[in-house]
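The file coords22.tsv comes next; it holds TSV, C-alpha atoms.
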```
chain	number	residue	atom	x	y	z
A	1	MET	CA	0.00	0.00	0.00
A	2	ALA	CA	2.88	2.37	0.80
A	3	ALA	CA	4.36	1.72	-2.65
A	4	ASP	CA	1.02	2.52	-4.29
A	5	LEU	CA	0.84	5.79	-2.36
A	6	LEU	CA	4.35	6.78	-3.42
A	7	ASN	CA	3.53	5.96	-7.03
A	8	ARG	CA	0.45	8.14	-6.88
A	9	VAL	CA	2.40	11.03	-5.35
A	10	ALA	CA	5.00	10.68	-8.11
A	11	MET	CA	2.27	10.71	-10.73
A	12	LEU	CA	0.80	13.86	-9.16
A	13	LEU	CA	4.19	15.58	-9.39
A	14	VAL	CA	4.49	14.55	-13.04
A	15	VAL	CA	1.00	15.94	-13.75
A	16	LEU	CA	1.86	19.21	-11.98
A	17	PHE	CA	5.03	19.61	-14.02
A	18	GLY	CA	3.09	18.80	-17.17
A	19	VAL	CA	0.52	21.47	-16.31
A	20	THR	CA	3.28	24.03	-15.74
A	21	ALA	CA	4.96	23.18	-19.04
A	22	ALA	CA	1.67	23.16	-20.96
A	23	MET	CA	0.70	26.57	-19.59
A	24	ALA	CA	4.06	27.96	-20.71
A	25	LEU	CA	3.41	26.69	-24.25
A	26	LEU	CA	-0.04	28.24	-24.58
A	27	PRO	CA	-0.23	31.08	-27.12
A	28	GLY	CA	-0.60	34.62	-25.91
A	29	ASN	CA	0.88	36.59	-23.03
A	30	GLY	CA	-0.81	36.43	-19.67
A	31	VAL	CA	1.10	39.43	-18.33
A	32	ARG	CA	-0.06	41.60	-21.22
A	33	ALA	CA	-3.63	40.39	-20.70
A	34	VAL	CA	-3.45	41.52	-17.07
A	35	LEU	CA	-1.70	44.85	-17.72
A	36	GLY	CA	-3.97	45.70	-20.64
A	37	ARG	CA	-3.44	46.60	-24.27
A	38	ASP	CA	-1.99	50.00	-23.43
A	39	ALA	CA	0.97	48.50	-21.55
A	40	THR	CA	4.34	49.05	-23.21
A	41	GLU	CA	6.76	46.26	-24.03
A	42	ALA	CA	9.07	47.56	-21.31
A	43	GLU	CA	6.28	47.32	-18.72
A	44	VAL	CA	5.38	43.81	-19.84
A	45	HIS	CA	9.02	42.73	-19.76
A	46	ALA	CA	9.56	44.22	-16.29
A	47	ARG	CA	6.47	42.51	-14.92
A	48	THR	CA	7.47	39.22	-16.52
A	49	GLN	CA	10.87	39.40	-14.83
A	50	GLU	CA	9.31	40.40	-11.52
A	51	LEU	CA	7.10	37.30	-11.58
A	52	GLY	CA	9.95	35.06	-12.71
A	53	LEU	CA	8.13	34.04	-15.88
A	54	ASP	CA	11.23	34.58	-18.00
A	55	ARG	CA	13.01	31.63	-16.37
A	56	ALA	CA	13.01	28.06	-17.63
A	57	VAL	CA	10.02	25.92	-16.69
A	58	PRO	CA	11.98	23.42	-14.51
A	59	PHE	CA	13.38	26.24	-12.36
A	60	ARG	CA	9.96	27.88	-12.01
A	61	PHE	CA	8.40	24.55	-11.11
A	62	TRP	CA	11.04	23.79	-8.46
A	63	GLU	CA	10.66	27.24	-6.93
A	64	TRP	CA	6.88	26.87	-6.80
A	65	LEU	CA	7.16	23.38	-5.33
A	66	SER	CA	9.59	24.62	-2.67
A	67	GLY	CA	7.16	27.37	-1.71
A	68	LEU	CA	4.30	24.89	-1.65
A	69	ALA	CA	6.15	22.81	0.95
A	70	GLN	CA	6.06	25.91	3.18
A	71	GLY	CA	2.39	26.63	2.52
A	72	ASP	CA	3.05	29.33	-0.07
A	73	PHE	CA	1.05	28.87	-3.29
A	74	GLY	CA	2.74	31.82	-4.99
A	75	THR	CA	1.10	34.92	-6.42
A	76	THR	CA	-1.24	35.52	-9.32
A	77	LEU	CA	-0.28	37.59	-12.36
A	78	ARG	CA	-2.02	40.50	-10.62
A	79	GLY	CA	0.21	40.11	-7.57
A	80	GLU	CA	-2.45	38.64	-5.26
A	81	PRO	CA	-1.61	35.67	-3.00
A	82	VAL	CA	-3.00	32.53	-4.63
A	83	GLY	CA	-3.85	31.03	-1.25
A	84	ALA	CA	-6.04	33.98	-0.28
A	85	LEU	CA	-7.79	33.97	-3.67
A	86	LEU	CA	-8.66	30.28	-3.46
A	87	ALA	CA	-9.59	30.44	0.23
A	88	ALA	CA	-12.29	33.00	-0.58
A	89	LYS	CA	-13.89	30.70	-3.18
A	90	LEU	CA	-13.17	27.29	-1.65
A	91	PRO	CA	-16.13	27.15	0.81
A	92	ASN	CA	-18.64	27.59	-2.04
A	93	SER	CA	-17.00	24.84	-4.09
A	94	LEU	CA	-16.77	22.51	-1.10
A	95	ILE	CA	-20.49	22.90	-0.41
A	96	LEU	CA	-21.34	22.32	-4.07
A	97	MET	CA	-19.11	19.26	-4.40
A	98	GLY	CA	-20.05	17.89	-0.98
A	99	VAL	CA	-23.78	18.11	-1.68
A	100	SER	CA	-23.23	16.62	-5.16
A	101	MET	CA	-21.32	13.72	-3.63
A	102	LEU	CA	-24.00	13.15	-0.99
A	103	VAL	CA	-26.75	13.18	-3.62
A	104	THR	CA	-24.68	10.76	-5.72
A	105	VAL	CA	-24.21	8.30	-2.84
A	106	VAL	CA	-27.86	8.37	-1.79
A	107	GLY	CA	-29.25	8.33	-5.33
A	108	ALA	CA	-26.94	5.61	-6.65
A	109	SER	CA	-27.45	3.41	-3.56
A	110	ALA	CA	-31.24	3.70	-3.65
A	111	LEU	CA	-31.38	3.07	-7.40
A	112	ALA	CA	-29.00	0.11	-7.16
A	113	VAL	CA	-30.91	-1.54	-4.31
A	114	TRP	CA	-34.21	-1.16	-6.14
A	115	TRP	CA	-32.67	-2.26	-9.45
A	116	SER	CA	-30.96	-5.35	-8.02
A	117	SER	CA	-34.10	-6.43	-6.15
A	118	GLY	CA	-35.74	-7.29	-9.46
A	119	GLY	CA	-38.81	-5.95	-11.16
A	120	PRO	CA	-40.57	-5.88	-14.50
A	121	PRO	CA	-38.12	-6.76	-17.30
A	122	GLY	CA	-39.26	-3.73	-19.27
A	123	VAL	CA	-38.33	-1.39	-16.43
A	124	GLN	CA	-34.96	-3.09	-16.08
A	125	ARG	CA	-34.24	-2.55	-19.77
A	126	VAL	CA	-35.29	1.09	-19.60
A	127	LEU	CA	-33.01	1.66	-16.60
A	128	SER	CA	-30.12	-0.02	-18.37
A	129	VAL	CA	-30.48	2.15	-21.47
A	130	ALA	CA	-31.22	5.35	-19.52
A	131	THR	CA	-28.14	5.04	-17.32
A	132	ILE	CA	-25.90	4.43	-20.33
A	133	VAL	CA	-27.30	7.53	-22.05
A	134	VAL	CA	-26.82	9.70	-18.95
A	135	ILE	CA	-23.27	8.43	-18.40
A	136	ALA	CA	-22.42	9.36	-21.99
A	137	LEU	CA	-23.59	12.96	-21.55
A	138	PRO	CA	-20.87	15.45	-20.52
A	139	GLU	CA	-21.62	17.76	-17.60
A	140	PHE	CA	-22.08	20.79	-19.85
A	141	VAL	CA	-24.80	18.96	-21.81
A	142	VAL	CA	-26.61	17.93	-18.61
A	143	ALA	CA	-26.26	21.50	-17.30
A	144	THR	CA	-27.58	22.98	-20.55
A	145	LEU	CA	-30.59	20.65	-20.56
A	146	ALA	CA	-31.28	21.42	-16.90
A	147	ILE	CA	-31.20	25.16	-17.63
A	148	LEU	CA	-33.51	24.68	-20.62
A	149	VAL	CA	-36.09	22.65	-18.69
A	150	PHE	CA	-36.06	24.10	-15.18
A	151	ALA	CA	-35.01	27.69	-15.81
A	152	LEU	CA	-36.36	28.59	-19.25
A	153	VAL	CA	-39.38	26.32	-19.78
A	154	LEU	CA	-40.67	25.74	-16.23
A	155	ASP	CA	-39.09	28.87	-14.74
A	156	VAL	CA	-38.77	27.30	-11.29
A	157	LEU	CA	-35.00	27.57	-10.73
A	158	PRO	CA	-32.42	30.28	-11.50
A	159	ALA	CA	-30.17	29.75	-14.52
A	160	VAL	CA	-27.27	31.78	-13.09
A	161	THR	CA	-25.87	32.31	-9.63
A	162	VAL	CA	-26.22	35.71	-7.98
A	163	GLN	CA	-23.80	36.42	-5.14
A	164	ASP	CA	-24.61	38.06	-1.83
A	165	SER	CA	-22.36	40.54	-0.03
A	166	SER	CA	-20.11	37.73	1.27
A	167	GLY	CA	-19.50	36.28	-2.20
A	168	ALA	CA	-21.67	33.18	-1.63
A	169	PRO	CA	-24.76	32.21	-3.66
A	170	ARG	CA	-27.70	34.38	-2.57
A	171	ASN	CA	-30.00	31.45	-1.75
A	172	ALA	CA	-30.08	27.65	-1.68
A	173	SER	CA	-32.03	27.37	-4.94
A	174	MET	CA	-28.91	28.46	-6.82
A	175	TYR	CA	-27.19	25.23	-5.80
A	176	VAL	CA	-29.87	22.97	-7.25
A	177	LEU	CA	-29.09	22.99	-10.98
A	178	PRO	CA	-25.28	22.83	-10.51
A	179	VAL	CA	-25.79	19.85	-8.16
A	180	VAL	CA	-28.06	18.15	-10.69
A	181	ALA	CA	-25.52	18.68	-13.48
A	182	LEU	CA	-22.70	17.21	-11.37
A	183	ALA	CA	-24.55	14.38	-9.64
A	184	LEU	CA	-26.80	12.96	-12.36
A	185	PRO	CA	-24.07	11.32	-14.52
A	186	GLN	CA	-22.35	10.01	-11.38
A	187	ILE	CA	-25.59	8.52	-10.03
A	188	ALA	CA	-26.03	6.63	-13.30
A	189	TRP	CA	-22.42	5.40	-13.33
A	190	ASN	CA	-22.30	4.34	-9.69
A	191	ALA	CA	-25.73	2.69	-9.84
A	192	ARG	CA	-24.47	0.38	-12.60
A	193	VAL	CA	-21.27	-0.37	-10.66
A	194	PHE	CA	-23.22	-1.01	-7.44
A	195	VAL	CA	-25.67	-3.35	-9.20
A	196	ALA	CA	-22.82	-5.31	-10.77
A	197	ALA	CA	-21.08	-5.59	-7.38
A	198	ILE	CA	-24.31	-6.66	-5.65
A	199	ASP	CA	-25.07	-9.27	-8.31
A	200	GLU	CA	-21.52	-10.61	-8.09
A	201	ALA	CA	-21.71	-10.82	-4.30
A	202	ARG	CA	-25.12	-12.50	-4.47
A	203	ALA	CA	-23.63	-15.24	-6.66
A	204	THR	CA	-20.92	-16.24	-4.14
A	205	PRO	CA	-21.16	-19.60	-2.30
A	206	HIS	CA	-21.38	-17.89	1.11
A	207	VAL	CA	-24.55	-16.06	0.09
A	208	HIS	CA	-26.04	-19.18	-1.46
A	209	ALA	CA	-25.34	-21.06	1.77
A	210	ALA	CA	-27.03	-18.32	3.81
A	211	GLU	CA	-30.08	-18.49	1.52
A	212	VAL	CA	-30.29	-22.25	2.02
A	213	ASP	CA	-30.09	-21.72	5.80
A	214	GLY	CA	-33.20	-19.55	5.55
A	215	VAL	CA	-31.67	-16.14	6.23
A	216	GLY	CA	-34.22	-13.39	5.47
A	217	GLU	CA	-33.75	-11.10	2.48
A	218	THR	CA	-32.95	-7.99	4.54
A	219	ALA	CA	-30.45	-9.78	6.77
A	220	LEU	CA	-28.99	-11.54	3.74
A	221	PHE	CA	-28.46	-8.22	1.98
A	222	LEU	CA	-26.99	-6.34	4.95
A	223	ARG	CA	-24.86	-9.10	6.49
A	224	TYR	CA	-23.67	-11.08	3.49
A	225	ILE	CA	-24.07	-9.14	0.25
A	226	VAL	CA	-23.14	-5.56	1.24
A	227	PRO	CA	-19.81	-6.46	2.90
A	228	ARG	CA	-18.72	-8.31	-0.25
A	229	ALA	CA	-19.91	-5.56	-2.58
A	230	LEU	CA	-18.52	-2.72	-0.44
A	231	PRO	CA	-14.89	-2.73	-1.71
A	232	THR	CA	-16.00	-2.23	-5.32
A	233	MET	CA	-18.54	0.39	-4.31
A	234	ILE	CA	-16.00	2.38	-2.30
A	235	ALA	CA	-13.46	2.32	-5.12
A	236	SER	CA	-16.14	3.60	-7.50
A	237	LEU	CA	-17.08	6.44	-5.14
A	238	ALA	CA	-13.43	7.43	-4.70
A	239	THR	CA	-13.14	7.78	-8.46
A	240	THR	CA	-16.40	9.73	-8.50
A	241	VAL	CA	-14.88	12.40	-6.26
A	242	GLY	CA	-12.32	13.14	-8.97
A	243	MET	CA	-15.05	13.27	-11.60
A	244	ILE	CA	-17.11	15.72	-9.54
A	245	VAL	CA	-14.09	17.91	-8.86
A	246	GLY	CA	-13.20	17.96	-12.56
A	247	GLY	CA	-16.78	18.52	-13.65
A	248	SER	CA	-17.18	21.45	-11.26
A	249	VAL	CA	-14.87	23.53	-13.45
A	250	VAL	CA	-17.33	23.35	-16.35
A	251	VAL	CA	-20.46	23.54	-14.21
A	252	GLU	CA	-19.31	26.53	-12.17
A	253	SER	CA	-18.41	28.41	-15.35
A	254	LEU	CA	-21.80	27.69	-16.95
A	255	PHE	CA	-23.80	28.78	-13.92
A	256	ASN	CA	-21.50	31.69	-13.00
A	257	PHE	CA	-21.02	29.92	-9.68
A	258	PRO	CA	-18.52	31.71	-7.38
A	259	GLY	CA	-16.20	28.78	-6.75
A	260	VAL	CA	-12.70	27.52	-7.38
A	261	GLY	CA	-13.73	25.94	-10.67
A	262	ALA	CA	-14.69	29.29	-12.14
A	263	VAL	CA	-11.39	30.76	-10.92
A	264	LEU	CA	-9.53	27.89	-12.56
A	265	ALA	CA	-11.33	28.38	-15.88
A	266	GLY	CA	-10.49	32.07	-15.86
A	267	SER	CA	-6.89	31.40	-14.89
A	268	VAL	CA	-6.38	29.04	-17.83
A	269	GLY	CA	-7.59	31.81	-20.11
A	270	THR	CA	-5.08	34.30	-18.67
A	271	ARG	CA	-2.29	31.68	-18.37
A	272	ASP	CA	-2.03	32.23	-14.62
A	273	VAL	CA	0.03	29.11	-14.00
A	274	ASN	CA	0.34	29.48	-10.21
A	275	VAL	CA	-3.44	29.42	-9.77
A	276	VAL	CA	-3.87	26.45	-12.10
A	277	ALA	CA	-1.05	24.51	-10.42
A	278	ALA	CA	-2.43	25.25	-6.95
A	279	VAL	CA	-5.89	23.99	-7.89
A	280	VAL	CA	-4.47	20.87	-9.55
A	281	ALA	CA	-2.23	20.19	-6.54
A	282	GLY	CA	-5.08	20.61	-4.05
A	283	THR	CA	-7.40	18.45	-6.11
A	284	GLY	CA	-4.73	15.81	-6.52
A	285	VAL	CA	-4.03	15.65	-2.78
A	286	VAL	CA	-7.74	15.27	-2.00
A	287	ILE	CA	-8.08	12.45	-4.53
A	288	LEU	CA	-4.90	10.76	-3.23
A	289	VAL	CA	-6.25	10.81	0.33
A	290	LEU	CA	-9.62	9.45	-0.74
A	291	LEU	CA	-8.06	6.69	-2.82
A	292	PHE	CA	-5.83	5.77	0.13
A	293	VAL	CA	-8.86	5.63	2.44
A	294	ALA	CA	-10.69	3.54	-0.17
A	295	ASP	CA	-7.76	1.11	-0.30
A	296	VAL	CA	-7.73	0.81	3.50
A	297	VAL	CA	-11.48	0.19	3.69
A	298	ARG	CA	-11.33	-2.25	0.77
A	299	ASP	CA	-8.54	-4.27	2.41
A	300	TRP	CA	-10.38	-4.22	5.74
A	301	SER	CA	-13.60	-5.41	4.10
A	302	ARG	CA	-11.82	-8.21	2.27
A	303	ALA	CA	-10.10	-9.29	5.49
A	304	ARG	CA	-13.45	-9.48	7.26
A	305	ILE	CA	-15.14	-11.64	4.63
A	306	SER	CA	-12.18	-13.91	3.94
```
Take the structure from the file and write it as structure tokens.
Amino acid sequence: MAADLLNRVAMLLVVLFGVTAAMALLPGNGVRAVLGRDATEAEVHARTQELGLDRAVPFRFWEWLSGLAQGDFGTTLRGEPVGALLAAKLPNSLILMGVSMLVTVVGASALAVWWSSGGPPGVQRVLSVATIVVIALPEFVVATLAILVFALVLDVLPAVTVQDSSGAPRNASMYVLPVVALALPQIAWNARVFVAAIDEARATPHVHAAEVDGVGETALFLRYIVPRALPTMIASLATTVGMIVGGSVVVESLFNFPGVGAVLAGSVGTRDVNVVAAVVAGTGVVILVLLFVADVVRDWSRARIS
């Protein structure tokens, strides 16, 4: 397990370096975009030197990584501390992603339990096709359809997010459509994974033996099937966290949601590499921790049922 963790950390560092190098290769000049069209070449050059953007990518990456080890995320092209910028937006994103993850877990679990318990073959086929279609839809398509139906046609939910004086969404209704756009594809994906894991667990000899012994359906499901299906379900949910974090960039931009994802999208446009690297690093660490926890729980579950 320790070797897997080290490999994942190494992969995160490779991804971070790749992001830094890719941002340096993007066309355009982020410093000029920040200073404006009226800035002279001398002003652009001076600002570029001040920010250290004239140095080679490996040196810039090492300097940023060294600062990161001390809790310093660097500064934006405008001279603002990256940490302070992200800290102001992070609570909104955490609420959005946390609620989306909770809705995903509850929705996928309920759908999987109902699906695996049997039912009319026609309904089963419709669910199978519907979940495949939803999984295939990118978040921006789901978000666009949600806006069309609930904001434009039914006019029951806001299509954009309006901020209050603290920079948070003005009311809870402004979370609904972003949560739907993030959670719906993940509910479909995880429901299929959960059903497959439940069916696989149900087919094991231990479960068959419990059925022969007359164990009731509820006890059979909770005591014999769930523990065997849990490792696969947890691994799927750990992957889902990464999907929700990645999808939040698109969803926050579409709904004008005041979160880290919108900041990231804007920073890519202005080539603000320190902001992009900080978001990627933070996201990567969260996913690493969740995958590690998933591995621990999976090994514990397997040890219990072996």
With distances taken over only C-alpha atoms, which of A:Glu211, A:Glu63, A:Asp272, A:Asp164 is nearest to A:Leu77?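 So, comparing all the options, the nearest one is A:Asp272.
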Considering only C-alpha atoms, can you say which of A:Gln49, A:Thr131, A:Thr283, A:Ser267 comes closest to A:Pro185? A:Thr131
To one decimal place, how far is atom CA of A:Arg202 from atom CA of A:Met101 in Å?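 The value is 26.5 Å.
Our summary of the geometry notes that atom CA of A:Glu50 is positioned 18.2 Å from atom CA of A:Leu65.
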Minimum-distance residue to A:Ala21, chosen among A:Ala56, A:Val149, A:Ala201, A:Val207 (using all atoms listed in the file):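 Result for the nearest residue to A:Ala21: A:Ala56.
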What is the distance, in Å and to one decimal place, between atom CA of A:Val297 and atom CA of A:Thr232? 10.4 Å
So, counting all atoms listed in the file, which residue among A:Ser93, A:Thr75, A:Thr20, A:Ser248 is closest to A:Gly167? A:Ser93
Using all atoms listed in the file, pick whichever of A:Pro58, A:Gly98, A:Gly216, A:Gly36 has the shortest atom-to-atom distance to A:Phe17.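 Closest candidate: A:Pro58.
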Go through A:Gly259, A:Gly79, A:Gly67, A:Gly269 and flag the residue nearest A:Gln163, using all atoms listed in the file for the distances. A:Gly259
List every protein, DNA or RNA residue that has an atom no more than 12 Å from (8.5, 41.5, -14.7) in the file's coordinate frame, counting all atoms listed in the file, and report them as a PyMOL selection string. chain A and resi 30-32+35+41-55+77-79
A:Ala197 surroundings by only C-alpha atoms, 12 Å radius, close-in-sequence under 4 positions cut, as an NGL selection string: :A and (109 or 112-113 or 116 or 190-193 or 201-204 or 225-236)
Residues within 12 Å of (1.8, 30.3, -1.3), file coordinates, counting all atoms listed in the file: what are they? Give the list as JSON, numbers by chain. {"A": [63, 64, 65, 66, 67, 68, 69, 70, 71, 72, 73, 74, 75, 76, 79, 80, 81, 82, 83, 84, 85, 86, 87, 274, 275, 277, 278, 279]}
Can you write just those residues out, C-alpha atoms, as a PDB file, in the coordinates of the input?
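Written file, part39.pdb:
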```pdb
ATOM      1  CA  GLU A  63      10.660  27.240  -6.930  1.00  0.00           C
ATOM      2  CA  TRP A  64       6.880  26.870  -6.800  1.00  0.00           C
ATOM      3  CA  LEU A  65       7.160  23.380  -5.330  1.00  0.00           C
ATOM      4  CA  SER A  66       9.590  24.620  -2.670  1.00  0.00           C
ATOM      5  CA  GLY A  67       7.160  27.370  -1.710  1.00  0.00           C
ATOM      6  CA  LEU A  68       4.300  24.890  -1.650  1.00  0.00           C
ATOM      7  CA  ALA A  69       6.150  22.810   0.950  1.00  0.00           C
ATOM      8  CA  GLN A  70       6.060  25.910   3.180  1.00  0.00           C
ATOM      9  CA  GLY A  71       2.390  26.630   2.520  1.00  0.00           C
ATOM     10  CA  ASP A  72       3.050  29.330  -0.070  1.00  0.00           C
ATOM     11  CA  PHE A  73       1.050  28.870  -3.290  1.00  0.00           C
ATOM     12  CA  GLY A  74       2.740  31.820  -4.990  1.00  0.00           C
ATOM     13  CA  THR A  75       1.100  34.920  -6.420  1.00  0.00           C
ATOM     14  CA  THR A  76      -1.240  35.520  -9.320  1.00  0.00           C
ATOM     15  CA  GLY A  79       0.210  40.110  -7.570  1.00  0.00           C
ATOM     16  CA  GLU A  80      -2.450  38.640  -5.260  1.00  0.00           C
ATOM     17  CA  PRO A  81      -1.610  35.670  -3.000  1.00  0.00           C
ATOM     18  CA  VAL A  82      -3.000  32.530  -4.630  1.00  0.00           C
ATOM     19  CA  GLY A  83      -3.850  31.030  -1.250  1.00  0.00           C
ATOM     20  CA  ALA A  84      -6.040  33.980  -0.280  1.00  0.00           C
ATOM     21  CA  LEU A  85      -7.790  33.970  -3.670  1.00  0.00           C
ATOM     22  CA  LEU A  86      -8.660  30.280  -3.460  1.00  0.00           C
ATOM     23  CA  ALA A  87      -9.590  30.440   0.230  1.00  0.00           C
ATOM     24  CA  ASN A 274       0.340  29.480 -10.210  1.00  0.00           C
ATOM     25  CA  VAL A 275      -3.440  29.420  -9.770  1.00  0.00           C
ATOM     26  CA  ALA A 277      -1.050  24.510 -10.420  1.00  0.00           C
ATOM     27  CA  ALA A 278      -2.430  25.250  -6.950  1.00  0.00           C
ATOM     28  CA  VAL A 279      -5.890  23.990  -7.890  1.00  0.00           C
TER      29      VAL A 279
END
```
Write stretch 149-163 of chain A as an mmCIF file, in the frame of the given file, completed to N, CA, C and O atoms.
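File produced: part20.cif:
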```cif
data_model
loop_
_atom_site.group_PDB
_atom_site.id
_atom_site.type_symbol
_atom_site.label_atom_id
_atom_site.label_comp_id
_atom_site.auth_asym_id
_atom_site.auth_seq_id
_atom_site.Cartn_x
_atom_site.Cartn_y
_atom_site.Cartn_z
ATOM 1 N N VAL A 149 -34.833 23.168 -19.242
ATOM 2 C CA VAL A 149 -36.090 22.650 -18.690
ATOM 3 C C VAL A 149 -36.533 23.437 -17.460
ATOM 4 O O VAL A 149 -37.672 23.935 -17.392
ATOM 5 N N PHE A 150 -35.646 23.561 -16.476
ATOM 6 C CA PHE A 150 -36.060 24.100 -15.180
ATOM 7 C C PHE A 150 -35.997 25.618 -15.082
ATOM 8 O O PHE A 150 -36.721 26.216 -14.278
ATOM 9 N N ALA A 151 -35.135 26.239 -15.886
ATOM 10 C CA ALA A 151 -35.010 27.690 -15.810
ATOM 11 C C ALA A 151 -35.801 28.402 -16.908
ATOM 12 O O ALA A 151 -36.491 29.388 -16.641
ATOM 13 N N LEU A 152 -35.720 27.888 -18.135
ATOM 14 C CA LEU A 152 -36.360 28.590 -19.250
ATOM 15 C C LEU A 152 -37.796 28.139 -19.492
ATOM 16 O O LEU A 152 -38.685 28.968 -19.688
ATOM 17 N N VAL A 153 -38.028 26.820 -19.489
ATOM 18 C CA VAL A 153 -39.380 26.320 -19.780
ATOM 19 C C VAL A 153 -40.278 26.395 -18.543
ATOM 20 O O VAL A 153 -41.348 27.018 -18.564
ATOM 21 N N LEU A 154 -39.845 25.762 -17.445
ATOM 22 C CA LEU A 154 -40.670 25.740 -16.230
ATOM 23 C C LEU A 154 -40.509 26.986 -15.368
ATOM 24 O O LEU A 154 -41.405 27.306 -14.577
ATOM 25 N N ASP A 155 -39.361 27.640 -15.494
ATOM 26 C CA ASP A 155 -39.090 28.870 -14.740
ATOM 27 C C ASP A 155 -39.254 28.669 -13.231
ATOM 28 O O ASP A 155 -39.886 29.468 -12.538
ATOM 29 N N VAL A 156 -38.668 27.584 -12.718
ATOM 30 C CA VAL A 156 -38.770 27.300 -11.290
ATOM 31 C C VAL A 156 -37.423 27.425 -10.569
ATOM 32 O O VAL A 156 -37.387 27.481 -9.336
ATOM 33 N N LEU A 157 -36.325 27.474 -11.329
ATOM 34 C CA LEU A 157 -35.000 27.570 -10.730
ATOM 35 C C LEU A 157 -34.168 28.589 -11.497
ATOM 36 O O LEU A 157 -34.345 28.758 -12.709
ATOM 37 N N PRO A 158 -33.250 29.272 -10.816
ATOM 38 C CA PRO A 158 -32.420 30.280 -11.500
ATOM 39 C C PRO A 158 -31.382 29.628 -12.419
ATOM 40 O O PRO A 158 -30.823 28.579 -12.097
ATOM 41 N N ALA A 159 -31.134 30.271 -13.554
ATOM 42 C CA ALA A 159 -30.170 29.750 -14.520
ATOM 43 C C ALA A 159 -28.742 30.191 -14.205
ATOM 44 O O ALA A 159 -27.786 29.553 -14.640
ATOM 45 N N VAL A 160 -28.593 31.286 -13.467
ATOM 46 C CA VAL A 160 -27.270 31.780 -13.090
ATOM 47 C C VAL A 160 -27.241 32.029 -11.591
ATOM 48 O O VAL A 160 -28.285 32.161 -10.942
ATOM 49 N N THR A 161 -26.039 32.098 -11.067
ATOM 50 C CA THR A 161 -25.870 32.310 -9.630
ATOM 51 C C THR A 161 -25.625 33.789 -9.347
ATOM 52 O O THR A 161 -24.755 34.408 -9.962
ATOM 53 N N VAL A 162 -26.388 34.326 -8.432
ATOM 54 C CA VAL A 162 -26.220 35.710 -7.980
ATOM 55 C C VAL A 162 -25.588 35.671 -6.597
ATOM 56 O O VAL A 162 -26.049 34.940 -5.717
ATOM 57 N N GLN A 163 -24.524 36.448 -6.401
ATOM 58 C CA GLN A 163 -23.800 36.420 -5.140
ATOM 59 C C GLN A 163 -24.371 37.436 -4.155
ATOM 60 O O GLN A 163 -24.874 38.490 -4.545
#
```
